[in-house]
>>> print(open('start22.csv').read())   # CSV, C-alpha atoms and all ligand atoms
chain,number,residue,atom,x,y,z
A,11,MET,CA,55.4,-79.5,61.2
A,12,GLU,CA,54.3,-82.4,59.0
A,13,HIS,CA,57.3,-84.3,57.8
A,14,THR,CA,57.9,-85.4,54.2
A,15,PRO,CA,60.3,-87.9,52.6
A,16,GLU,CA,62.5,-84.9,51.8
A,17,GLN,CA,62.4,-83.6,55.4
A,18,PRO,CA,61.9,-86.7,57.5
A,19,LEU,CA,61.4,-86.8,61.2
A,20,ARG,CA,64.8,-87.8,62.7
A,21,VAL,CA,64.6,-90.2,65.6
A,22,ALA,CA,67.2,-91.8,67.8
A,23,ILE,CA,65.9,-95.0,69.4
A,24,LEU,CA,67.5,-96.1,72.7
A,25,ILE,CA,67.4,-99.7,73.9
A,26,SER,CA,68.9,-101.9,76.5
A,27,GLY,CA,67.8,-105.4,75.5
A,28,ARG,CA,65.4,-107.3,73.3
A,29,GLY,CA,64.3,-104.3,71.5
A,30,SER,CA,60.8,-105.4,70.5
A,31,ASN,CA,59.4,-101.9,70.8
A,32,MET,CA,62.2,-100.6,68.6
A,33,GLN,CA,61.3,-103.3,66.1
A,34,ALA,CA,57.6,-102.2,66.2
A,35,LEU,CA,58.7,-98.6,65.5
A,36,VAL,CA,61.0,-99.6,62.6
A,37,ASP,CA,58.4,-101.9,61.2
A,38,ALA,CA,55.7,-99.2,61.3
A,39,VAL,CA,58.0,-96.8,59.4
A,40,ALA,CA,58.5,-99.5,56.7
A,41,ALA,CA,54.9,-100.7,56.5
A,42,ASP,CA,53.3,-97.2,56.4
A,43,HIS,CA,56.1,-95.5,54.5
A,44,LEU,CA,56.4,-93.0,57.3
A,45,PRO,CA,58.7,-90.0,56.6
A,46,VAL,CA,60.9,-91.0,59.5
A,47,GLN,CA,64.7,-91.5,59.5
A,48,VAL,CA,66.2,-93.6,62.3
A,49,CYS,CA,69.5,-91.8,62.8
A,50,THR,CA,70.7,-94.4,65.4
A,51,VAL,CA,69.6,-97.4,67.4
A,52,LEU,CA,71.8,-97.0,70.4
A,53,SER,CA,72.2,-99.4,73.3
A,54,ASN,CA,73.9,-99.0,76.6
A,55,ARG,CA,74.6,-102.7,76.5
A,56,ALA,CA,76.7,-104.4,73.9
A,57,ASP,CA,74.8,-107.6,74.2
A,58,ALA,CA,71.4,-106.1,73.6
A,59,ALA,CA,69.7,-108.5,71.2
A,60,GLY,CA,67.9,-105.6,69.5
A,61,LEU,CA,71.2,-104.4,68.1
A,62,ASP,CA,71.6,-107.5,66.0
A,63,TRP,CA,68.1,-107.1,64.7
A,64,ALA,CA,68.7,-103.4,63.8
A,65,ARG,CA,72.0,-104.2,62.2
A,66,ALA,CA,70.4,-106.9,60.1
A,67,ARG,CA,67.9,-104.3,58.9
A,68,GLY,CA,70.7,-102.1,57.8
A,69,LEU,CA,70.0,-99.4,60.5
A,70,PRO,CA,72.9,-97.4,62.0
A,71,VAL,CA,73.6,-99.1,65.4
A,72,GLU,CA,76.0,-98.3,68.2
A,73,CYS,CA,76.7,-99.1,71.8
A,74,LEU,CA,77.6,-96.6,74.4
A,75,SER,CA,78.3,-98.8,77.5
A,76,HIS,CA,77.6,-97.1,80.8
A,77,ARG,CA,80.2,-99.4,82.3
A,78,ASP,CA,82.9,-97.4,80.4
A,79,PHE,CA,82.1,-94.3,82.5
A,80,GLU,CA,83.1,-93.5,86.0
A,81,SER,CA,79.8,-91.9,86.9
A,82,ARG,CA,76.2,-91.5,85.9
A,83,ASP,CA,76.9,-87.9,85.0
A,84,ALA,CA,79.9,-88.8,82.8
A,85,PHE,CA,77.7,-91.4,80.9
A,86,ASP,CA,74.9,-88.9,80.5
A,87,ALA,CA,77.4,-86.3,79.2
A,88,ALA,CA,78.8,-88.7,76.6
A,89,LEU,CA,75.3,-89.7,75.5
A,90,LEU,CA,74.2,-86.1,75.3
A,91,ALA,CA,77.2,-85.2,73.1
A,92,ARG,CA,76.6,-88.2,70.8
A,93,LEU,CA,72.9,-87.4,70.4
A,94,ASP,CA,73.5,-83.7,69.8
A,95,ALA,CA,75.9,-84.7,67.0
A,96,LEU,CA,73.0,-86.6,65.4
A,97,ALA,CA,70.5,-83.9,65.9
A,98,PRO,CA,67.4,-86.0,66.3
A,99,ASP,CA,64.0,-84.4,66.5
A,100,PHE,CA,63.0,-87.0,69.1
A,101,ILE,CA,64.8,-89.5,71.3
A,102,LEU,CA,62.6,-92.5,71.7
A,103,LEU,CA,63.3,-94.7,74.7
A,104,ALA,CA,62.3,-98.2,73.9
A,105,GLY,CA,63.2,-100.4,76.9
A,106,PHE,CA,66.2,-98.2,77.7
A,107,MET,CA,66.8,-99.2,81.3
A,108,ARG,CA,69.1,-96.4,82.4
A,109,VAL,CA,67.8,-93.5,84.4
A,110,LEU,CA,68.7,-90.3,82.7
A,111,GLY,CA,69.8,-87.4,84.9
A,112,SER,CA,68.0,-84.1,85.0
A,113,ASP,CA,70.7,-82.2,83.1
A,114,PHE,CA,70.3,-84.6,80.2
A,115,VAL,CA,66.5,-84.4,80.3
A,116,ARG,CA,66.4,-80.6,80.5
A,117,HIS,CA,68.8,-80.4,77.5
A,118,PHE,CA,66.4,-82.3,75.4
A,119,ASP,CA,63.3,-80.8,77.0
A,120,GLY,CA,60.1,-82.0,75.2
A,121,ARG,CA,62.1,-84.2,72.8
A,122,ILE,CA,62.4,-87.4,74.9
A,123,ILE,CA,59.6,-90.0,74.8
A,124,ASN,CA,59.4,-93.2,76.8
A,125,ILE,CA,57.2,-96.2,76.9
A,126,HIS,CA,56.5,-97.6,80.4
A,127,PRO,CA,54.6,-100.9,81.1
A,128,SER,CA,51.9,-99.5,83.4
A,129,LEU,CA,49.1,-97.0,83.4
A,130,LEU,CA,51.1,-94.1,84.8
A,131,PRO,CA,51.0,-92.4,87.2
A,132,ALA,CA,50.4,-95.9,88.8
A,133,PHE,CA,53.4,-98.1,89.2
A,134,PRO,CA,56.5,-96.2,88.1
A,135,GLY,CA,59.8,-98.1,88.4
A,136,LEU,CA,60.5,-101.8,88.0
A,137,HIS,CA,58.3,-104.9,88.3
A,138,THR,CA,55.2,-103.1,87.1
A,139,HIS,CA,53.2,-106.3,86.4
A,140,GLN,CA,53.9,-107.6,89.9
A,141,GLN,CA,52.9,-104.2,91.4
A,142,ALA,CA,49.6,-104.3,89.4
A,143,LEU,CA,48.8,-107.8,90.7
A,144,ALA,CA,49.7,-106.9,94.2
A,145,GLN,CA,47.3,-103.9,94.2
A,146,GLY,CA,44.5,-105.9,92.7
A,147,VAL,CA,43.9,-103.4,89.9
A,148,GLN,CA,41.5,-104.7,87.3
A,149,TRP,CA,43.0,-102.7,84.4
A,150,HIS,CA,46.7,-102.6,83.6
A,151,GLY,CA,48.5,-101.2,80.7
A,152,CYS,CA,51.2,-99.1,79.1
A,153,THR,CA,51.9,-95.4,78.7
A,154,VAL,CA,53.8,-93.5,76.1
A,155,HIS,CA,54.8,-90.2,77.7
A,156,PHE,CA,57.2,-87.2,77.5
A,157,VAL,CA,60.1,-87.7,79.8
A,158,THR,CA,60.7,-85.2,82.7
A,159,PRO,CA,63.4,-85.3,85.3
A,160,VAL,CA,61.0,-87.4,87.5
A,161,LEU,CA,61.4,-91.1,86.8
A,162,ASP,CA,58.5,-92.6,84.8
A,163,HIS,CA,56.5,-89.4,84.9
A,164,GLY,CA,55.5,-86.8,82.4
A,165,PRO,CA,52.9,-85.6,80.0
A,166,ILE,CA,51.0,-88.6,78.7
A,167,ILE,CA,50.7,-89.0,74.9
A,168,ALA,CA,48.8,-92.3,74.8
A,169,GLN,CA,47.8,-95.3,76.9
A,170,GLY,CA,46.8,-98.9,76.2
A,171,ALA,CA,44.9,-100.9,78.7
A,172,ILE,CA,44.2,-104.6,79.3
A,173,PRO,CA,41.9,-106.3,81.8
A,174,VAL,CA,43.6,-108.2,84.6
A,175,GLY,CA,42.3,-111.8,85.0
A,176,ALA,CA,42.1,-113.9,88.1
A,177,SER,CA,44.7,-116.3,86.8
A,178,ASP,CA,47.1,-113.7,85.5
A,179,THR,CA,50.7,-113.7,86.5
A,180,PRO,CA,53.4,-111.1,86.0
A,181,ASP,CA,54.5,-113.1,82.9
A,182,SER,CA,51.1,-113.5,81.4
A,183,LEU,CA,50.4,-109.7,81.9
A,184,ALA,CA,53.7,-108.9,80.3
A,185,ALA,CA,53.0,-111.2,77.3
A,186,ARG,CA,49.5,-109.8,76.8
A,187,LEU,CA,50.6,-106.2,77.1
A,188,LEU,CA,53.6,-106.3,74.8
A,189,PRO,CA,51.7,-106.3,71.5
A,190,ILE,CA,49.6,-103.4,72.9
A,191,GLU,CA,52.8,-101.5,73.7
A,192,HIS,CA,53.9,-102.0,70.1
A,193,ARG,CA,50.6,-100.6,68.7
A,194,VAL,CA,50.5,-97.6,71.0
A,195,TYR,CA,54.2,-96.6,70.4
A,196,ALA,CA,53.9,-97.1,66.6
A,197,GLN,CA,50.8,-94.9,66.5
A,198,VAL,CA,52.5,-92.2,68.5
A,199,LEU,CA,55.4,-92.3,66.0
A,200,ARG,CA,52.8,-91.8,63.2
A,201,TRP,CA,51.4,-88.8,65.0
A,202,LEU,CA,54.9,-87.4,65.5
A,203,ALA,CA,55.7,-87.8,61.8
A,204,GLU,CA,52.4,-86.0,61.0
A,205,GLY,CA,53.5,-83.2,63.2
A,206,ARG,CA,50.3,-83.5,65.3
A,207,VAL,CA,51.7,-83.8,68.8
A,208,ALA,CA,51.9,-80.7,70.8
A,209,LEU,CA,53.1,-80.3,74.4
A,210,GLU,CA,51.0,-77.5,75.8
A,211,GLU,CA,51.9,-74.9,78.5
A,212,GLY,CA,50.9,-76.6,81.8
A,213,GLY,CA,52.1,-79.9,80.7
A,214,CYS,CA,49.3,-81.6,78.8
A,215,VAL,CA,49.6,-83.1,75.4
A,216,ARG,CA,47.3,-82.4,72.5
A,217,VAL,CA,47.3,-84.4,69.3
A,218,ALA,CA,45.7,-82.4,66.5
A,219,GLY,CA,42.6,-84.0,65.1
A,220,VAL,CA,42.6,-86.9,67.5
A,221,GLU,CA,39.9,-87.3,70.2
A,222,HIS,CA,41.0,-90.4,71.9
A,223,ARG,CA,44.5,-91.6,72.6
A,224,ALA,CA,43.4,-94.7,74.5
A,225,TRP,CA,43.4,-98.3,73.5
A,226,ALA,CA,41.4,-101.1,75.1
A,227,GLY,CA,43.3,-104.1,74.2
A,228,ASP,CA,44.3,-103.6,70.5
A,229,THR,CA,41.3,-101.4,69.7
A,230,LEU,CA,42.0,-97.7,69.5
A,231,PHE,CA,38.9,-95.6,70.5
A,232,GLU,CA,37.9,-93.5,67.6
A,301,LIG,C1,59.0,-103.0,77.6
A,301,LIG,O1,57.9,-103.7,78.2
A,301,LIG,C2,59.0,-101.6,78.0
A,301,LIG,O2,57.7,-101.1,78.2
A,301,LIG,C3,59.8,-101.7,79.3
A,301,LIG,O3,60.8,-102.6,79.0
A,301,LIG,C4,60.3,-103.5,78.1
A,301,LIG,C5,61.4,-103.5,77.0
A,301,LIG,O4,61.0,-104.5,76.0
A,301,LIG,N1,60.3,-100.4,79.7
A,301,LIG,C6,60.4,-100.0,80.9
A,301,LIG,O5,60.2,-100.7,81.9
A,301,LIG,C7,61.0,-98.6,81.1
A,301,LIG,N2,60.7,-98.1,82.5
A,301,LIG,P1,61.6,-104.4,74.5
A,301,LIG,O6,63.2,-104.3,74.7
A,301,LIG,O7,61.3,-105.7,73.9
A,301,LIG,O8,61.0,-103.2,73.9
>>> encode(input="start22.csv", output="structure tokens", more="lines below")
Ligand code: GAR
Amino acid sequence: MEHTPEQPLRVAILISGRGSNMQALVDAVAADHLPVQVCTVLSNRADAAGLDWARARGLPVECLSHRDFESRDAFDAALLARLDALAPDFILLAGFMRVLGSDFVRHFDGRIINIHPSLLPAFPGLHTHQQALAQGVQWHGCTVHFVTPVLDHGPIIAQGAIPVGASDTPDSLAARLLPIEHRVYAQVLRWLAEGRVALEEGGCVRVAGVEHRAWAGDTLFE
């Protein structure tokens, strides 16, 4: 459904650190007057810098530290209960660096979205820029995708690509990719608010009225 200011899309944004993707999402909501309500910015780390930014913007923020739980399952169960209480339409992982268990993912099936700094299915896991350089790929990028129980895997909503240069380092790739991540994730949030994103049987994504969901640098193919 297309959301309206009276019936906004409710999103929970989960972070673990800097929170620049969360900021890009929040800024897009404000700049484009999107009918989106951020029902929480939740971090599993109390020292996440993104929490301060969100608090200063007047957003509801909270910390649920994984360190306060004896097991991964216990943390997942507490997070699940908290998010259920907030009833978000979507849970947007924005640099959330905890692996979520399959029970959690199945509970919110089709409602968890992640951004990963590689062109999935290449380079899941950590150190993606290093992995890209080690493989000599000439295009690198980021992927916004639905989350499945398999780590850094799932139906792809949109991707942004950048060329890899001979002098690139993991740091230079990360720095060039980050603004593209922000654009891609913000656009996906717009499509979600417009009710255009459908997860089809068989696991492919369709975005109504949209032909290309691919960026080369900061240009979206039209
Ligand atoms: C981003 O580059 C994001 O793609 C990555 O962590 C960074 C978080 O930055 N996420 C992952 O690696 C998830 N597998 P941010 O806190 O500034 O958004």
>>> residues_around(input="start22.csv", residues="Val46 (chain A)", least_positions_apart="4", cutoff="9 Å", atoms="all atoms listed in the file", output="ChimeraX atom specification")
/A:13-15,17-21,39,199-200,203
>>> residues_around(input="start22.csv", residues="Ile167 (chain A)", least_positions_apart="6", cutoff="7 Å", atoms="all atoms listed in the file", output="PyMOL selection string")
chain A and resi 154-155+215
>>> closest_residue(input="start22.csv", among="A:Ile122, A:Ile25, A:Ala34, A:Val115", to="Cys73 (chain A)", atoms="all atoms listed in the file")
A:Ile25
>>> atom_distance(input="start22.csv", atom1="CA of Ala22 (chain A)", atom2="CA of Asp99 (chain A)")
8.2 Å
>>> residues_near_ligand(input="start22.csv", ligand="ligand LIG 301 (chain A)", cutoff="8 Å", atoms="all atoms listed in the file", output="ChimeraX atom specification")
/A:25-33,60,103-107,124-128,134-138,152,162,184,187-188,191
>>> write_last_selection(input="start22.csv", atoms="C-alpha atoms", output="short mmCIF file (atom, residue, chain, number, x, y, z; two decimals), in the frame of the given file")
data_model
loop_
_atom_site.label_atom_id
_atom_site.label_comp_id
_atom_site.auth_asym_id
_atom_site.auth_seq_id
_atom_site.Cartn_x
_atom_site.Cartn_y
_atom_site.Cartn_z
CA ILE A 25 67.40 -99.70 73.90
CA SER A 26 68.90 -101.90 76.50
CA GLY A 27 67.80 -105.40 75.50
CA ARG A 28 65.40 -107.30 73.30
CA GLY A 29 64.30 -104.30 71.50
CA SER A 30 60.80 -105.40 70.50
CA ASN A 31 59.40 -101.90 70.80
CA MET A 32 62.20 -100.60 68.60
CA GLN A 33 61.30 -103.30 66.10
CA GLY A 60 67.90 -105.60 69.50
CA LEU A 103 63.30 -94.70 74.70
CA ALA A 104 62.30 -98.20 73.90
CA GLY A 105 63.20 -100.40 76.90
CA PHE A 106 66.20 -98.20 77.70
CA MET A 107 66.80 -99.20 81.30
CA ASN A 124 59.40 -93.20 76.80
CA ILE A 125 57.20 -96.20 76.90
CA HIS A 126 56.50 -97.60 80.40
CA PRO A 127 54.60 -100.90 81.10
CA SER A 128 51.90 -99.50 83.40
CA PRO A 134 56.50 -96.20 88.10
CA GLY A 135 59.80 -98.10 88.40
CA LEU A 136 60.50 -101.80 88.00
CA HIS A 137 58.30 -104.90 88.30
CA THR A 138 55.20 -103.10 87.10
CA CYS A 152 51.20 -99.10 79.10
CA ASP A 162 58.50 -92.60 84.80
CA ALA A 184 53.70 -108.90 80.30
CA LEU A 187 50.60 -106.20 77.10
CA LEU A 188 53.60 -106.30 74.80
CA GLU A 191 52.80 -101.50 73.70
#
>>> closest_residue(input="start22.csv", among="A:Thr158, A:Asn54, A:Gln148, A:Thr229", to="Arg77 (chain A)", atoms="all atoms listed in the file")
A:Asn54
>>> closest_residue(input="start22.csv", among="A:Phe133, A:Leu143, A:Glu72, A:Val157", to="Val109 (chain A)", atoms="all atoms listed in the file")
A:Val157
>>> residues_around(input="start22.csv", residues="Leu69 (chain A)", least_positions_apart="4", cutoff="10 Å", atoms="all atoms listed in the file", output="PyMOL selection string")
chain A and resi 36+47-51+61-65
>>> atom_distance(input="start22.csv", atom1="CA of Ser81 (chain A)", atom2="CA of His117 (chain A)")
18.5 Å
>>> residues_near_point(input="start22.csv", point="(47.2, -85.7, 70.5)", cutoff="12 Å", atoms="all atoms listed in the file", output="ChimeraX atom specification")
/A:154-155,165-169,197-202,204-210,214-224
